[in-house]
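First up is the structure itself, then whatever we jot down about it.
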There are 2 protein chains.
Amino acid sequence: MPISASVPIHLTRCSISAVTVPPRLESQLTIPVDLGDRSYPIVIGSGHTAAENDGLKSHFAQTLGDASHGVMIVDKAVSQTAGTSIQAALNGSLDRIDVIEVASGEGSKSIDQLASLWNQLLEAGTDRRSVVIAVGGGVIGDLAGFAAATFTRGLRFVQVPTTLLAMVDSSVGGKTGINLPGGKNLVGSFWQPHLVWIDTDFLNTLPDREYISGLGEVIKYGVIEDADFFDYLDQNIEAIIQRQPEPVQQAVAKSCQSKARVVAEDERETTGRRAILNYGHTFAHAIEVNAGYGVMLHGEAVSIGMQMAARLALDLGLCDSQLLDRQTRLLEAAQLPLTWADADVDAMIPVMARDKKVEHGKLRFVLPDRIGHVDLVGDVPVEKVRTAINACR
Amino acid sequence: MPISASVPIHLTRCSISAVTVPPRLESQLTIPVDLGDRSYPIVIGSGHTAAENDGLKSHFAQTLGDASHGVMIVDKAVSQTAGTSIQAALNGSLDRIDVIEVASGEGSKSIDQLASLWNQLLEAGTDRRSVVIAVGGGVIGDLAGFAAATFTRGLRFVQVPTTLLAMVDSSVGGKTGINLPGGKNLVGSFWQPHLVWIDTDFLNTLPDREYISGLGEVIKYGVIEDADFFDYLDQNIEAIIQRQPEPVQQAVAKSCQSKARVVAEDERETTGRRAILNYGHTFAHAIEVNAGYGVMLHGEAVSIGMQMAARLALDLGLCDSQLLDRQTRLLEAAQLPLTWADADVDAMIPVMARDKKVEHGKLRFVLPDRIGHVDLVGDVPVEKVRTAINACR
Ligand SMILES: NC(=O)c1ccc[n+]([C@@H]2O[C@H](COP(=O)([O-])OP(=O)(O)OC[C@H]3O[C@@H](n4cnc5c(N)ncnc54)[C@H](O)[C@@H]3O)[C@@H](O)[C@H]2O)c1
Ligand SMILES: NC(=O)c1ccc[n+]([C@@H]2O[C@H](COP(=O)([O-])OP(=O)(O)OC[C@H]3O[C@@H](n4cnc5c(N)ncnc54)[C@H](O)[C@@H]3O)[C@@H](O)[C@H]2O)c1
Ligand SMILES: [Zn+2]
Ligand SMILES: [Zn+2]
């Protein structure tokens with residue numbers, strides 16, 4: 001994974017149609033996700049869903065031209081905003097769009113909600129010429145994506161993420177699924193969307209805390225595989241926090257590009273490459289479980305987890321202190337938490353030992369050696385893990 | 001689809017290990033299912049599961065060598081017979097085999113049963129190094145296969161079919177799924193097994209009516225794409241009905257080979273080729289719905305449906321009367337029903353019009369022009385359909 005892997009910037013501006021499109025579309029970016037016959041574009045803009053633009057319609061026509069029926073599965077919290085815009089923007093693209101509203105929150109990623117969706121899809125007359133349009137955060141994307149993956153053994157679907165986390169992470173890469181009472185994301189499919197449509201204007205209604213939390217994953221991409229992006233974030237973090245359209249769009253695009261690169265190398269988590277996306281996540285998972293799900297937002301736990309991981313890497317002699325310092329400064333500037341006062345190392349270690357990245361009881365971590373590069377490190381002494389956790393209290 | 005497509009007989013005898021294997025293994029046949037990196041073997045024998053043979057163990061080692069944990073999902077009706085044999089034959093192949101018994105019958109292909117399986121897989125400590133082993137008829141194969149497809153986004157699985165229908169049809173081709181209250185097989189995945197293990201001795205306990213019903217699908221393969229196989233069945237139908245191991249094994253192998261050929265050309269039902277497997281099924285589906293599910297067995301309905309389809313083809317001038325005569329004689333010799341006294345054409349047509357093979361209200365049928373060859377025929381006049389149904393009352 002040489003640093004140069006992050007240099008070619010594949011953001012392709014929609015210059016072909018630059019003459020006819022309205023001004024706001026000028027900055028529309030398209031990130032291709034390269035997965036053979038499952039390839040698809042991520043189209044990113046600000047305000048480009050507005051009904052006077054034909055952007056969504058023309059992308060729909062290109063990728064889903066023969067679809068005749070849409071089922072929009074939408075988070076109640078954005079049904080009147082993003083939901084309504086998407087419906088208006090698709091006016092004429094489909095014979096009919098049915099709308100299914102789903103209650104907000106992680107609780108909707110359940111068997112009952114899934115079963116209810118399946119039955120509603122049937123009632124709506126859904127068949128293989130239908131397309132599912134998921135509008136919401138990661139909860140809706142995961143749930144609706146899994147319903148699409150399984151109804152009549154697979155429907156095409158479109159992701160319209162409305163949280164920052166969903167824009168930079170959950171809507172890209174094809175992981176869909178639900179939770180069981182016994183654990184998160186235990187059931188699901190790898191099922192790629194046909195199109196990811198990102199309008200950063202949908203973030204306008206997102207609460208600050210959710211927005212900031214999403215920045216945890218954004219910064220992660222800089223550390224794990226894109227040093228240039230880390231520099232960009234360093235220089236523009238203020239503007240990003242202020243939600244200025246241009247830098248937000250750039251941050252989303254670079255994050256998607258980073259995730260798309262990793263996913264293209266390891267679509268189904270078989271080569272191990274995809275594991276680098278879990279930087280900070282073994283710690284974060286233990287933090288979330290110990291704090292109780294929902295107390296700490298995911299990106300907040302990831303921020304603290306990355307701090308623990310960087311300290312561990314430093315302690316193991318894998319990186320220098322400059323890496324930790326730069327990461328600390330950027331996370332702090334992003335207003336993310338760096339420590340967790342309640343961290344209880346004796347409670348966290350057992351959770352980490354049950355984590356998927358543990359093989360035969362040995363602790364494994366994704367650890368950085370420089371900004372823009374991480375490795376999967378096995379056989380980490382548990383004492384060093386304890387020290388890293390305690391250093392972040 | 002030239003007749004010659006059916007001529008090369010790819011049955012590969014296990015001659016490599018012919019010196020060391022016990023006598024009964026001599027006639028073990030392997031049919032490869034050719035699906036790129038999802039390819040797998042169907043291994044067919046009689047009594048080759050017996051613990052003194054290493055057949056299953058060695059195939060397991062070849063295809064699933066790194067699996068450490070098995071979950072056998074087994075139909076209660078065969079738990080003490082086939083289930084116990086499989087467990088014994090796998091002794092030593094896995095660190096541990098957990099057993100989950102499922103109630104017999106179509107009712108088990110439900111959301112509730114699926115949810116219960118997911119939770120039981122979790123309790124059994126199932127992870128990506130686990131393998132699911134489905135032992136039973138099509139109900140268990142479809143249900144367990146779908147649980148395998150979705151638990152932790154995909155576990156490897158082995159099909160051990162114990163009904164004739166499952167051996168020749170449902171265990172091959174990767175369709176898995178469950179029913180919704182509103183309709184059959186509405187939810188599922190395409191998920192290929194890593195191995196299909198067929199021991200025709202498992203048929204010994206199968207009730208006659210179930211066995212005969214399975215022959216409906218067997219004869220179907222002869223009509224749709226293997227004229228030589230049709231001839232073979234013609235000559236051996238008595239021995240097959242008497243369940244003589246050698247001809248039963250041949251009939252199963254040729255059927256699997258036929259299905260495997262079609263599936264290899266159209267894994268996910270996208271090219272249309274897979275539709276030929278539905279010969280007789282548009283009629284059969286209407287018969288099953290009108291009779292009430294469970295009254296008529298599936299293969300019985302398929303037998304009558306094939307008769308209706310052949311009559312329709314004759315009436316449309318697509319085939320000669322010899323085709324109908326030969327099909328009639330073979331189905332009759334197989335003790336399958338040829339007519340349905342209660343057929344109500346006014347009740348059947350509306351069901352057929354809702355069938356998936358109907359596009360925009362026009363009736364489409366898979367119809368033969370000669371033994372060994374069928375075509376998808378659109379725009380069939382409804383009057384001719386009525387005549388064909390009425391001729392089979
Ligand atoms: N599939 C993947 O690869 C992947 C990756 C990471 C996370 N996830 C999953 O994503 C989920 C978390 O995603 P999330 O953080 O987006 O959570 P979420 O979907 O619950 O959204 C967070 C909150 O914001 C609200 N909301 C959404 N969009 C809004 C908007 N524009 N304005 C105002 N409120 C809005 C929602 O109603 C919810 O209350 C988890 O279930 C996680 O497992 C999946
Ligand atoms: N996946 C596919 O491609 C595909 C194709 C065709 C049918 N199917 C599905 O398969 C199912 C029908 O399969 P089926 O006919 O095997 O039904 P089934 O699984 O219900 O088995 C029929 C009956 O035989 C019993 N049984 C099974 N093995 C036995 C044995 N060896 N001895 C005694 N009793 C035994 C069962 O308990 C059941 O009562 C349907 O749900 C249908 O939708 C799937
Ligand atoms: Zn994350
Ligand atoms: Zn059938």
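By order of appearance in the structure tokens: chains A, B, ..., then residues from 1 within every chain, and ligands from 1 in the order shown.
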Counting only C-alpha atoms and all ligand atoms, which residues of chain B fall within 7 Å of ligand 4, and what is the closest atom pair for each with its distance in Å at one decimal, ordered by chain and rising number, as a Markdown table?
```
| residue | atom | partner | partner_atom_place_in_ligand_line | distance |
| --- | --- | --- | --- | --- |
| B:Glu217 | CA | ligand 4 | 1 (Zn) | 6.2 |
| B:Asn278 | CA | ligand 4 | 1 (Zn) | 6.8 |
| B:His281 | CA | ligand 4 | 1 (Zn) | 6.6 |
| B:His298 | CA | ligand 4 | 1 (Zn) | 6.5 |
| B:Gly299 | CA | ligand 4 | 1 (Zn) | 6.5 |
| B:Val302 | CA | ligand 4 | 1 (Zn) | 6.6 |
```
Least-squares superposed chain A, target chain B, every Cα, as a short mmCIF file (atom, residue, chain, number, x, y, z; two decimals) with C-alpha atoms, in the first residue's frame:
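Saved result, part-v7.cif, follows:
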```
data_model
loop_
_atom_site.label_atom_id
_atom_site.label_comp_id
_atom_site.auth_asym_id
_atom_site.auth_seq_id
_atom_site.Cartn_x
_atom_site.Cartn_y
_atom_site.Cartn_z
CA MET A 1 -30.21 -25.26 -28.13
CA PRO A 2 -29.23 -28.08 -30.52
CA ILE A 3 -30.05 -31.66 -29.59
CA SER A 4 -26.33 -32.34 -29.46
CA ALA A 5 -26.12 -30.17 -26.35
CA SER A 6 -27.43 -33.16 -24.47
CA VAL A 7 -25.11 -35.77 -25.95
CA PRO A 8 -21.75 -35.41 -24.13
CA ILE A 9 -22.31 -37.25 -20.88
CA HIS A 10 -20.07 -35.66 -18.30
CA LEU A 11 -20.65 -38.18 -15.57
CA THR A 12 -17.17 -38.67 -14.22
CA ARG A 13 -16.62 -41.89 -12.38
CA CYS A 14 -14.35 -41.64 -9.37
CA SER A 15 -11.76 -43.84 -11.04
CA ILE A 16 -8.81 -42.12 -9.35
CA SER A 17 -9.59 -43.64 -6.00
CA ALA A 18 -11.10 -46.82 -7.47
CA VAL A 19 -8.44 -49.07 -5.97
CA THR A 20 -8.91 -48.12 -2.33
CA VAL A 21 -12.62 -47.35 -1.99
CA PRO A 22 -15.17 -49.90 -0.78
CA PRO A 23 -17.27 -51.66 -3.46
CA ARG A 24 -20.39 -49.44 -3.19
CA LEU A 25 -18.43 -46.33 -3.98
CA GLU A 26 -17.51 -47.64 -7.39
CA SER A 27 -20.62 -46.15 -8.86
CA GLN A 28 -20.23 -42.75 -7.23
CA LEU A 29 -20.82 -40.05 -9.84
CA THR A 30 -19.71 -36.45 -9.71
CA ILE A 31 -21.54 -33.73 -11.64
CA PRO A 32 -19.67 -30.44 -11.71
CA VAL A 33 -21.77 -27.27 -11.54
CA ASP A 34 -19.81 -24.76 -13.52
CA LEU A 35 -20.23 -21.25 -12.08
CA GLY A 36 -16.75 -19.71 -12.09
CA ASP A 37 -15.55 -19.13 -8.56
CA ARG A 38 -18.89 -20.41 -7.27
CA SER A 39 -18.49 -23.83 -8.91
CA TYR A 40 -19.20 -26.93 -6.86
CA PRO A 41 -19.59 -30.69 -7.25
CA ILE A 42 -22.74 -32.75 -6.90
CA VAL A 43 -21.64 -36.15 -5.63
CA ILE A 44 -24.13 -38.97 -6.16
CA GLY A 45 -24.07 -42.52 -4.85
CA SER A 46 -26.07 -45.18 -3.05
CA GLY A 47 -25.04 -46.00 0.51
CA HIS A 48 -21.82 -44.05 0.15
CA THR A 49 -22.51 -42.06 3.32
CA ALA A 50 -21.96 -45.17 5.44
CA ALA A 51 -19.40 -44.43 8.15
CA GLU A 52 -16.93 -47.03 6.83
CA ASN A 53 -16.53 -44.91 3.67
CA ASP A 54 -14.42 -41.82 3.70
CA GLY A 55 -16.27 -40.34 0.72
CA LEU A 56 -18.02 -37.50 2.47
CA LYS A 57 -14.98 -36.74 4.62
CA SER A 58 -12.68 -36.46 1.64
CA HIS A 59 -15.09 -34.28 -0.35
CA PHE A 60 -15.51 -32.13 2.73
CA ALA A 61 -11.77 -31.80 3.08
CA GLN A 62 -11.46 -30.79 -0.59
CA THR A 63 -14.20 -28.19 -0.63
CA LEU A 64 -14.40 -27.02 2.99
CA GLY A 65 -11.02 -27.92 4.40
CA ASP A 66 -10.69 -24.93 6.72
CA ALA A 67 -14.16 -25.17 8.26
CA SER A 68 -13.98 -25.96 11.95
CA HIS A 69 -17.59 -25.89 13.04
CA GLY A 70 -20.70 -27.38 11.49
CA VAL A 71 -24.35 -26.63 12.04
CA MET A 72 -26.59 -29.35 10.71
CA ILE A 73 -30.11 -28.10 10.03
CA VAL A 74 -32.23 -31.20 9.63
CA ASP A 75 -35.86 -32.11 8.94
CA LYS A 76 -37.25 -33.88 12.02
CA ALA A 77 -38.51 -36.66 9.70
CA VAL A 78 -34.95 -37.68 8.76
CA SER A 79 -33.06 -36.61 11.83
CA GLN A 80 -32.60 -40.19 13.14
CA THR A 81 -31.79 -41.61 9.72
CA ALA A 82 -30.00 -39.32 7.25
CA GLY A 83 -29.10 -36.86 10.02
CA THR A 84 -27.38 -39.49 12.12
CA SER A 85 -25.54 -40.95 9.09
CA ILE A 86 -24.21 -37.57 8.03
CA GLN A 87 -23.01 -36.81 11.53
CA ALA A 88 -21.25 -40.18 11.73
CA ALA A 89 -19.71 -39.77 8.28
CA LEU A 90 -18.32 -36.36 9.24
CA ASN A 91 -16.83 -37.61 12.48
CA GLY A 92 -13.41 -35.99 12.72
CA SER A 93 -13.92 -33.52 9.85
CA LEU A 94 -14.99 -30.71 12.17
CA ASP A 95 -14.22 -29.77 15.75
CA ARG A 96 -17.92 -29.68 16.56
CA ILE A 97 -21.30 -30.20 14.89
CA ASP A 98 -24.36 -28.53 16.35
CA VAL A 99 -27.72 -29.94 15.32
CA ILE A 100 -30.88 -27.89 14.77
CA GLU A 101 -34.04 -29.89 14.09
CA VAL A 102 -36.78 -28.22 12.07
CA ALA A 103 -40.41 -29.35 11.88
CA SER A 104 -41.38 -31.06 8.61
CA GLY A 105 -43.50 -29.29 6.04
CA GLU A 106 -43.85 -26.14 3.96
CA GLY A 107 -44.88 -24.19 7.09
CA SER A 108 -41.24 -24.13 8.15
CA LYS A 109 -40.30 -21.89 5.22
CA SER A 110 -41.50 -18.92 7.30
CA ILE A 111 -40.12 -15.70 8.72
CA ASP A 112 -40.54 -17.03 12.26
CA GLN A 113 -38.61 -20.20 11.54
CA LEU A 114 -35.89 -18.19 9.78
CA ALA A 115 -35.61 -15.78 12.72
CA SER A 116 -35.38 -18.72 15.08
CA LEU A 117 -32.57 -20.24 12.97
CA TRP A 118 -30.65 -16.95 12.96
CA ASN A 119 -30.83 -16.81 16.75
CA GLN A 120 -29.85 -20.46 17.09
CA LEU A 121 -26.88 -19.94 14.76
CA LEU A 122 -25.75 -17.12 17.03
CA GLU A 123 -26.16 -19.24 20.15
CA ALA A 124 -24.13 -21.98 18.50
CA GLY A 125 -21.22 -19.57 18.11
CA THR A 126 -21.45 -19.65 14.33
CA ASP A 127 -18.99 -17.48 12.42
CA ARG A 128 -17.44 -17.37 8.98
CA ARG A 129 -15.41 -20.52 9.65
CA SER A 130 -18.63 -22.44 10.22
CA VAL A 131 -20.48 -24.43 7.61
CA VAL A 132 -24.22 -25.08 7.45
CA ILE A 133 -25.28 -28.60 6.46
CA ALA A 134 -28.88 -28.81 5.24
CA VAL A 135 -30.37 -32.32 5.53
CA GLY A 136 -33.90 -32.78 4.25
CA GLY A 137 -36.17 -32.03 1.31
CA GLY A 138 -36.62 -28.78 -0.58
CA VAL A 139 -38.13 -27.06 2.45
CA ILE A 140 -35.00 -27.55 4.55
CA GLY A 141 -32.66 -26.81 1.65
CA ASP A 142 -34.40 -23.53 0.84
CA LEU A 143 -34.70 -22.44 4.47
CA ALA A 144 -31.25 -23.47 5.68
CA GLY A 145 -29.67 -22.18 2.48
CA PHE A 146 -31.22 -18.77 3.04
CA ALA A 147 -30.14 -18.73 6.67
CA ALA A 148 -26.61 -19.57 5.48
CA ALA A 149 -26.75 -16.86 2.80
CA THR A 150 -27.60 -14.18 5.33
CA PHE A 151 -26.04 -15.05 8.69
CA THR A 152 -22.95 -12.83 9.03
CA ARG A 153 -23.61 -11.97 5.35
CA GLY A 154 -22.87 -15.46 4.11
CA LEU A 155 -21.78 -18.84 5.40
CA ARG A 156 -20.70 -21.77 3.31
CA PHE A 157 -23.21 -24.58 3.11
CA VAL A 158 -23.69 -28.16 2.02
CA GLN A 159 -26.90 -29.57 0.63
CA VAL A 160 -27.85 -33.12 1.60
CA PRO A 161 -31.20 -33.63 -0.14
CA THR A 162 -33.36 -36.47 1.13
CA THR A 163 -36.38 -36.28 -1.20
CA LEU A 164 -36.25 -37.09 -4.89
CA LEU A 165 -37.46 -33.58 -5.70
CA ALA A 166 -34.68 -32.04 -3.66
CA MET A 167 -32.08 -34.35 -5.24
CA VAL A 168 -33.03 -33.50 -8.81
CA ASP A 169 -34.19 -29.93 -8.43
CA SER A 170 -34.13 -27.77 -5.32
CA SER A 171 -30.64 -28.65 -4.07
CA VAL A 172 -29.07 -27.63 -7.38
CA GLY A 173 -28.87 -24.09 -8.70
CA GLY A 174 -28.55 -21.86 -5.67
CA LYS A 175 -32.10 -20.62 -5.19
CA THR A 176 -32.78 -20.31 -1.47
CA GLY A 177 -35.61 -18.64 0.37
CA ILE A 178 -38.77 -18.61 2.38
CA ASN A 179 -42.46 -17.84 1.86
CA LEU A 180 -44.41 -14.78 2.93
CA PRO A 181 -48.02 -15.06 4.11
CA GLY A 182 -48.86 -13.46 0.76
CA GLY A 183 -47.03 -15.88 -1.51
CA LYS A 184 -44.45 -18.61 -1.99
CA ASN A 185 -40.70 -18.07 -2.39
CA LEU A 186 -41.00 -14.28 -2.32
CA VAL A 187 -37.94 -13.72 -0.20
CA GLY A 188 -34.53 -15.27 -0.67
CA SER A 189 -31.05 -15.18 -2.14
CA PHE A 190 -29.12 -16.79 -4.90
CA TRP A 191 -26.57 -18.61 -2.78
CA GLN A 192 -24.64 -21.57 -4.11
CA PRO A 193 -23.69 -24.49 -1.88
CA HIS A 194 -20.07 -25.65 -1.71
CA LEU A 195 -21.09 -29.28 -2.09
CA VAL A 196 -24.24 -31.26 -2.83
CA TRP A 197 -24.07 -34.74 -1.34
CA ILE A 198 -26.68 -37.16 -2.65
CA ASP A 199 -27.14 -40.63 -1.22
CA THR A 200 -30.08 -42.30 -2.93
CA ASP A 201 -30.33 -44.70 0.02
CA PHE A 202 -31.88 -41.78 1.90
CA LEU A 203 -34.89 -42.24 -0.37
CA ASN A 204 -35.65 -45.62 1.21
CA THR A 205 -37.92 -44.04 3.82
CA LEU A 206 -39.60 -41.61 1.42
CA PRO A 207 -43.34 -42.31 0.94
CA ASP A 208 -44.27 -43.57 -2.55
CA ARG A 209 -46.36 -40.56 -3.36
CA GLU A 210 -43.46 -38.15 -2.63
CA TYR A 211 -41.12 -40.33 -4.66
CA ILE A 212 -43.42 -40.54 -7.67
CA SER A 213 -44.05 -36.82 -7.49
CA GLY A 214 -40.30 -36.22 -7.81
CA LEU A 215 -40.34 -38.21 -11.05
CA GLY A 216 -42.43 -35.43 -12.59
CA GLU A 217 -39.39 -33.13 -12.49
CA VAL A 218 -37.09 -35.93 -13.68
CA ILE A 219 -39.18 -36.50 -16.81
CA LYS A 220 -39.33 -32.75 -17.35
CA TYR A 221 -35.57 -32.63 -17.96
CA GLY A 222 -35.90 -35.23 -20.70
CA VAL A 223 -38.55 -33.20 -22.49
CA ILE A 224 -36.92 -29.79 -22.16
CA GLU A 225 -33.32 -30.50 -23.03
CA ASP A 226 -32.14 -34.10 -23.10
CA ALA A 227 -33.73 -36.44 -25.64
CA ASP A 228 -31.29 -39.25 -24.82
CA PHE A 229 -32.29 -39.05 -21.19
CA PHE A 230 -35.95 -39.23 -22.22
CA ASP A 231 -35.13 -42.47 -24.09
CA TYR A 232 -33.28 -43.79 -21.06
CA LEU A 233 -36.28 -43.08 -18.84
CA ASP A 234 -38.60 -44.71 -21.37
CA GLN A 235 -36.56 -47.90 -21.17
CA ASN A 236 -35.93 -47.92 -17.42
CA ILE A 237 -39.03 -46.42 -15.85
CA GLU A 238 -40.10 -49.73 -14.27
CA ALA A 239 -36.74 -50.19 -12.54
CA ILE A 240 -36.79 -46.59 -11.41
CA ILE A 241 -40.24 -46.98 -9.90
CA GLN A 242 -38.97 -50.05 -8.09
CA ARG A 243 -36.17 -47.82 -6.78
CA GLN A 244 -33.35 -50.01 -8.08
CA PRO A 245 -30.17 -48.21 -7.02
CA GLU A 246 -28.36 -48.11 -10.36
CA PRO A 247 -31.15 -46.61 -12.53
CA VAL A 248 -32.24 -44.28 -9.71
CA GLN A 249 -28.71 -42.99 -9.45
CA GLN A 250 -28.56 -42.53 -13.23
CA ALA A 251 -31.87 -40.69 -13.28
CA VAL A 252 -30.76 -38.39 -10.47
CA ALA A 253 -27.38 -37.77 -12.09
CA LYS A 254 -28.84 -36.98 -15.51
CA SER A 255 -31.40 -34.66 -13.94
CA CYS A 256 -28.74 -32.81 -11.96
CA GLN A 257 -26.60 -32.58 -15.05
CA SER A 258 -29.48 -31.12 -17.00
CA LYS A 259 -30.30 -28.55 -14.32
CA ALA A 260 -26.60 -27.71 -13.85
CA ARG A 261 -26.26 -27.01 -17.59
CA VAL A 262 -29.19 -24.62 -17.59
CA VAL A 263 -28.11 -22.89 -14.37
CA ALA A 264 -24.55 -22.46 -15.65
CA GLU A 265 -26.00 -20.52 -18.58
CA ASP A 266 -28.21 -18.31 -16.46
CA GLU A 267 -27.25 -18.37 -12.80
CA ARG A 268 -29.44 -15.47 -11.71
CA GLU A 269 -32.36 -15.69 -14.09
CA THR A 270 -31.17 -12.79 -16.19
CA THR A 271 -30.73 -14.25 -19.67
CA GLY A 272 -34.09 -16.03 -19.75
CA ARG A 273 -32.51 -19.45 -20.29
CA ARG A 274 -33.44 -20.59 -16.80
CA ALA A 275 -37.10 -20.15 -17.71
CA ILE A 276 -37.08 -23.47 -19.59
CA LEU A 277 -37.00 -25.18 -16.18
CA ASN A 278 -40.53 -23.90 -15.78
CA TYR A 279 -41.95 -26.21 -18.47
CA GLY A 280 -45.45 -27.17 -17.30
CA HIS A 281 -45.10 -24.89 -14.30
CA THR A 282 -47.39 -22.02 -15.32
CA PHE A 283 -50.25 -24.52 -15.50
CA ALA A 284 -48.96 -26.39 -12.42
CA HIS A 285 -48.87 -23.22 -10.38
CA ALA A 286 -52.51 -22.47 -11.21
CA ILE A 287 -53.44 -26.07 -10.39
CA GLU A 288 -51.68 -25.89 -7.01
CA VAL A 289 -53.27 -22.55 -6.12
CA ASN A 290 -56.75 -23.68 -7.19
CA ALA A 291 -56.50 -27.07 -5.51
CA GLY A 292 -55.14 -25.40 -2.36
CA TYR A 293 -51.48 -25.82 -1.51
CA GLY A 294 -50.61 -29.27 -0.23
CA VAL A 295 -53.60 -31.07 -1.78
CA MET A 296 -51.74 -31.89 -4.97
CA LEU A 297 -48.00 -32.56 -4.67
CA HIS A 298 -45.81 -30.28 -6.77
CA GLY A 299 -44.56 -32.99 -9.16
CA GLU A 300 -48.12 -34.21 -9.67
CA ALA A 301 -49.22 -30.72 -10.68
CA VAL A 302 -46.16 -30.46 -12.93
CA SER A 303 -47.12 -33.73 -14.63
CA ILE A 304 -50.60 -32.45 -15.44
CA GLY A 305 -49.12 -29.04 -16.35
CA MET A 306 -46.73 -30.66 -18.84
CA GLN A 307 -49.67 -32.45 -20.41
CA MET A 308 -51.51 -29.16 -20.78
CA ALA A 309 -48.40 -27.51 -22.21
CA ALA A 310 -47.82 -30.31 -24.72
CA ARG A 311 -51.45 -30.14 -25.84
CA LEU A 312 -51.11 -26.39 -26.24
CA ALA A 313 -47.93 -26.83 -28.28
CA LEU A 314 -49.68 -29.38 -30.49
CA ASP A 315 -52.68 -27.10 -30.96
CA LEU A 316 -50.34 -24.22 -31.88
CA GLY A 317 -48.67 -26.44 -34.48
CA LEU A 318 -45.33 -26.31 -32.64
CA CYS A 319 -44.93 -30.07 -32.23
CA ASP A 320 -46.41 -33.28 -33.61
CA SER A 321 -48.75 -35.66 -31.82
CA GLN A 322 -45.95 -38.15 -31.30
CA LEU A 323 -44.40 -35.83 -28.71
CA LEU A 324 -47.62 -35.68 -26.74
CA ASP A 325 -48.04 -39.45 -27.04
CA ARG A 326 -44.52 -40.22 -25.84
CA GLN A 327 -44.78 -37.81 -22.92
CA THR A 328 -48.20 -39.20 -21.99
CA ARG A 329 -46.93 -42.77 -22.03
CA LEU A 330 -43.88 -42.01 -19.90
CA LEU A 331 -45.78 -39.99 -17.29
CA GLU A 332 -48.39 -42.73 -17.14
CA ALA A 333 -45.74 -45.44 -16.75
CA ALA A 334 -44.30 -43.32 -13.92
CA GLN A 335 -47.75 -43.51 -12.27
CA LEU A 336 -48.13 -39.74 -12.42
CA PRO A 337 -51.54 -38.10 -12.92
CA LEU A 338 -52.28 -36.87 -16.46
CA THR A 339 -55.49 -35.01 -15.78
CA TRP A 340 -57.23 -33.08 -13.05
CA ALA A 341 -60.94 -33.73 -12.89
CA ASP A 342 -61.57 -30.51 -10.92
CA ALA A 343 -59.73 -28.22 -13.35
CA ASP A 344 -61.76 -25.02 -13.63
CA VAL A 345 -60.50 -23.01 -16.54
CA ASP A 346 -62.16 -19.79 -15.33
CA ALA A 347 -60.38 -20.09 -12.03
CA MET A 348 -57.03 -21.08 -13.51
CA ILE A 349 -56.62 -18.36 -16.15
CA PRO A 350 -56.59 -15.43 -13.69
CA VAL A 351 -53.91 -17.17 -11.60
CA MET A 352 -51.83 -17.75 -14.71
CA ALA A 353 -52.22 -14.10 -15.69
CA ARG A 354 -50.57 -13.10 -12.39
CA ASP A 355 -47.67 -15.51 -12.92
CA LYS A 356 -44.14 -14.12 -13.25
CA LYS A 357 -43.89 -15.36 -16.82
CA VAL A 358 -46.71 -13.05 -17.85
CA GLU A 359 -45.45 -9.74 -19.17
CA HIS A 360 -47.96 -6.92 -19.46
CA GLY A 361 -50.93 -9.30 -19.37
CA LYS A 362 -49.87 -11.52 -22.25
CA LEU A 363 -49.60 -15.21 -21.59
CA ARG A 364 -46.20 -16.76 -22.19
CA PHE A 365 -45.38 -20.45 -22.04
CA VAL A 366 -42.40 -22.77 -22.26
CA LEU A 367 -43.47 -25.13 -25.05
CA PRO A 368 -41.77 -28.12 -26.69
CA ASP A 369 -41.25 -28.52 -30.41
CA ARG A 370 -39.59 -31.92 -30.09
CA ILE A 371 -38.51 -34.19 -27.24
CA GLY A 372 -35.37 -32.52 -25.84
CA HIS A 373 -36.17 -28.98 -26.91
CA VAL A 374 -38.46 -26.17 -25.73
CA ASP A 375 -38.92 -22.52 -26.51
CA LEU A 376 -40.41 -19.57 -24.64
CA VAL A 377 -43.54 -18.68 -26.63
CA GLY A 378 -45.26 -15.35 -26.11
CA ASP A 379 -48.62 -13.95 -27.11
CA VAL A 380 -50.48 -17.22 -26.80
CA PRO A 381 -54.23 -16.80 -27.52
CA VAL A 382 -56.15 -17.37 -24.32
CA GLU A 383 -58.71 -19.53 -26.17
CA LYS A 384 -56.02 -22.10 -26.96
CA VAL A 385 -54.96 -22.11 -23.31
CA ARG A 386 -58.56 -22.83 -22.28
CA THR A 387 -58.75 -25.69 -24.76
CA ALA A 388 -55.51 -27.20 -23.45
CA ILE A 389 -56.75 -27.07 -19.86
CA ASN A 390 -60.13 -28.54 -20.73
CA ALA A 391 -58.46 -31.38 -22.61
CA CYS A 392 -56.81 -32.45 -19.33
CA ARG A 393 -59.87 -32.78 -17.17
#
```
- In stretch 79-134 of chain A, DSSP alpha helix (DSSP H) residues written as a list in words: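 Residues meeting the alpha helix (DSSP H) criterion: Thr84, Ser85, Ile86, Gln87, Ala88, Ala89, Ile111, Asp112, Gln113, Leu114, Ala115, Ser116, Leu117, Trp118, Asn119, Gln120, Leu121, Leu122 and Glu123 of chain A.
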